[in-house]
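Written out below as structure tokens is the structure these notes cover.
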Amino acid sequence: MPVSAVFNLNSPGGYLSWHFISISISNFVLIFSMLIIFGLSLLIPFPRNNSDLKYEDSEADSERGDINDSAAEGVSAEDQKLFTYKMRKAIRSNLPLDKLIPDRQPAYVESWIYVFGVATLVALSLVIASGVLLALGGVDWWHTTSLGHFVNSLHLWSVECFMAFMVIHLWGKFWMAAWRKKRALTWMTGVIAFMFSVIEAFTGYLSQQNFDSQWISTNGKDAFNAVGVGSFFNLMNFGQMLTLHIVVIPLVLVLIVGIHVIAVRYRGVVVPLGSEIKEKRIKANNPKFKLNVPYKRYDIIKEGMIAGAIVLVLVVVLAVAFSSPDMPPLTIKTWANIAPNDFVATAASELAGTSETANYGPPYNNGSKNVQSLLFSEQKLIGVREPINPAQSFVITPLKDLAPTNDMLAKAISAFVSATPRRQNIWATNYLNNISSLKFINLIPVLKSGNYGPVPVLMEFEFQIAKNGLLDGELIANREFYGNNFTKPLLFLEDGQYFSSIAQKQHLIGSQWGVMNESGSYPGQPWLWLYSLWYQLPGFRNSTNVDLIAVYITGLATALLLFVPFIPGIRDIPRYIPIHKLVWKRWYKEHDASESSLE
């Protein structure tokens, strides 16, 4: 059984609403805490030991450890032609050990803002470590044992800390205009790392195998289908999402983070905003002037160890205090037993071809209900990649496995399959039109008399195999092996009303900013606020192309963030809103007067 938390966050969450904005109290607390931490990082003085300061030429310092031509002495001309030798020489020249593992840094690195880069790396390490433990335990381990659930809680809160620290780090670097002086690659790799972290966290939510992951996958699929990648990146395929989450995306993320760290060490820490302009202005009157930067001792290993201990304690405390959500997934068995009328009505709509899935469109069929288009349709361009005929997939095919042992069912299936499509539609439509008269007598669904053909028999046995849990297994794709593609059962659940009614109670519906939320009172994915925003705005939320609109605008905003170093106006925002003066307040205070005297 799951570990009992000090505070129970599995109870229904509270929400704050203002006009079209709705945010869970847990997400509000998380975001507000991040803003408070960011503010404190700007305001709290960073400790300094003045005895450590040593003035060095900033350019000379950047060249410390470089090898010179004499390093090639004793190496033959032929060896110097080797690619291996050239690469080793380039690495030694551009990234010597005292750059990669520095013991000195400029004195203007005196703000808590800098600490969040290290904290992000530490939290990422905890995410990976707890994720490895979860993977070793297996996908059901954290659902069934107290230890497994505790490890899952560690994983959840290390992810929340990782994303929070990364966002605070990103905020700080933006207001510091950290892309200056040939550091565009450093900024861009940081933004790309953030993007992949969002994808990694998203696939993690999809891999939970609980109700929240079910709802996110069935709703998120529409956006991926709209841009034509739903059949290649199938959110309802648990096996695919889990593989991406624990293998593919982490490898890419770690690689990008590694490139980012190397770029930071290679280019060094950017000078305070305005210093480069001031240096040029002073040089106009004093050509010999060179910005003289004091350096101080910097124990990067010690800083990492302290940050690691603090973050580890924080994650453990959060895991013990709040645990992690584990609202059980909804099964067709549960659905049929709790809401039998809704189940039978949904099954009848599958036969009648009136369900959402039956009319969805690519990648499942040639319907048009959920086809989105702005100038052209990526869905239609990709076409039907994962064909699903709901009448056959959700009703007829599962019942065929039972038919050999039941003559009445075998005859009903034969009668329905051999009938013309028009006759099949008349029977199913008549049944569906009279569904309001549905009653259950001895657990058998019964309607008032009418022209239903074999449909009542099909519905009787469909309900029986659903109520007994057999239909869940029948609808799992590839059930002969692992059975980890839940596309069919989730689409069937989505066609009913019971599934969405639970989601609405948990505040997970799209119009409720649901993609940001988690079941109960847990914080969800507040970093998806921009994507979720477009579903709330009048004019967008009622559009049949809202998923495409949300994807395109969010993609454009992300591209703007990525290419900030090259966009005039946007890249100058930090100069006009002087938050950077809080980051480097001590530097400006101590150096403005001395440098102005040289002008």
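Chain identifiers are assigned as A, B, and so on, following the order in which chains appear in the structure tokens; residues are numbered from 1 within each chain, and ligands are numbered from 1 in order of appearance.
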
If you run DSSP on the backbone here, which positions in range 346-505 of chain A get strand (DSSP E)? Please write them as a list in words. Lys439, Phe440, Ile441, Ile444, Pro445 and Val446 of chain A

Store the residues picked out above, limited to C-alpha atoms, as a PDB file, in the first residue's frame.
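Below is the file that was written, part.pdb:
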```
ATOM      1  CA  LYS A 439     -33.336  -1.057 -17.811  1.00  0.00           C
ATOM      2  CA  PHE A 440     -31.310  -3.880 -16.340  1.00  0.00           C
ATOM      3  CA  ILE A 441     -33.165  -7.069 -15.469  1.00  0.00           C
ATOM      4  CA  ILE A 444     -29.269  -7.918 -18.721  1.00  0.00           C
ATOM      5  CA  PRO A 445     -29.824  -4.608 -20.578  1.00  0.00           C
ATOM      6  CA  VAL A 446     -33.431  -4.462 -21.802  1.00  0.00           C
TER       7      VAL A 446
END
```

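Each of A:Ser17, A:Asn359, A:Thr243, A:Gln506 was compared to Gly524 in chain A using only C-alpha atoms, and A:Gln506 turns out to be the nearest.
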
So, counting only C-alpha atoms, which residue among A:Val564, A:Ala410, A:Leu318, A:Leu30 is closest to Phe461 in chain A? A:Ala410

How close does range 285-348 of chain A get to range 211-225 of chain A? List, as JSON lines, each residue of range 285-348 of chain A within 7 Å, its nearest atom pair and the distance in Å to one decimal, counting only C-alpha atoms.
```
{"residue": "A:Met327", "atom": "CA", "partner": "A:Phe211", "partner_atom": "CA", "distance": 5.8}
{"residue": "A:Pro328", "atom": "CA", "partner": "A:Phe211", "partner_atom": "CA", "distance": 5.7}
{"residue": "A:Pro329", "atom": "CA", "partner": "A:Phe211", "partner_atom": "CA", "distance": 4.1}
{"residue": "A:Leu330", "atom": "CA", "partner": "A:Phe211", "partner_atom": "CA", "distance": 6.0}
```

In terms of only C-alpha atoms, the residue from A:Ile21, A:Ile36, A:Leu560, A:Ala352 at minimal distance from Arg422 in chain A is A:Ala352

Just want the 12 Å neighbourhood of range 568-575 of chain A, counted on only C-alpha atoms, with same-chain residues fewer than 3 positions away dropped. Output as a PyMOL selection string. chain A and resi 171-180+184+187+272-275+277+557+560-565+578-583

May I have the selected residues written with C-alpha atoms, as a PDB file, in the first residue's frame?
```
ATOM      1  CA  TRP A 171      14.387  34.016 -15.681  1.00  0.00           C
ATOM      2  CA  GLY A 172      17.683  35.188 -14.232  1.00  0.00           C
ATOM      3  CA  LYS A 173      19.648  34.665 -17.442  1.00  0.00           C
ATOM      4  CA  PHE A 174      17.043  36.523 -19.471  1.00  0.00           C
ATOM      5  CA  TRP A 175      17.180  39.639 -17.269  1.00  0.00           C
ATOM      6  CA  MET A 176      20.978  39.399 -17.305  1.00  0.00           C
ATOM      7  CA  ALA A 177      20.912  39.288 -21.132  1.00  0.00           C
ATOM      8  CA  ALA A 178      23.268  36.322 -20.827  1.00  0.00           C
ATOM      9  CA  TRP A 179      23.500  35.870 -24.611  1.00  0.00           C
ATOM     10  CA  ARG A 180      25.844  38.866 -24.987  1.00  0.00           C
ATOM     11  CA  ALA A 184      24.182  32.969 -28.166  1.00  0.00           C
ATOM     12  CA  TRP A 187      21.510  30.741 -24.313  1.00  0.00           C
ATOM     13  CA  PRO A 272      27.444  42.819 -15.999  1.00  0.00           C
ATOM     14  CA  LEU A 273      24.993  44.406 -18.426  1.00  0.00           C
ATOM     15  CA  GLY A 274      26.292  47.733 -19.675  1.00  0.00           C
ATOM     16  CA  SER A 275      29.936  47.081 -18.760  1.00  0.00           C
ATOM     17  CA  ILE A 277      29.285  49.511 -23.586  1.00  0.00           C
ATOM     18  CA  ALA A 557       6.599  31.944 -28.803  1.00  0.00           C
ATOM     19  CA  LEU A 560      11.115  33.796 -30.202  1.00  0.00           C
ATOM     20  CA  LEU A 561      12.566  32.716 -26.862  1.00  0.00           C
ATOM     21  CA  LEU A 562      15.131  30.524 -28.583  1.00  0.00           C
ATOM     22  CA  PHE A 563      16.313  33.237 -30.998  1.00  0.00           C
ATOM     23  CA  VAL A 564      16.187  36.149 -28.530  1.00  0.00           C
ATOM     24  CA  PRO A 565      19.928  36.898 -29.100  1.00  0.00           C
ATOM     25  CA  PRO A 578      16.749  47.152 -14.961  1.00  0.00           C
ATOM     26  CA  ILE A 579      16.217  43.932 -13.040  1.00  0.00           C
ATOM     27  CA  HIS A 580      19.857  43.152 -13.836  1.00  0.00           C
ATOM     28  CA  LYS A 581      20.885  45.901 -11.427  1.00  0.00           C
ATOM     29  CA  LEU A 582      19.616  43.721  -8.584  1.00  0.00           C
ATOM     30  CA  VAL A 583      21.738  40.799  -9.791  1.00  0.00           C
TER      31      VAL A 583
END
```
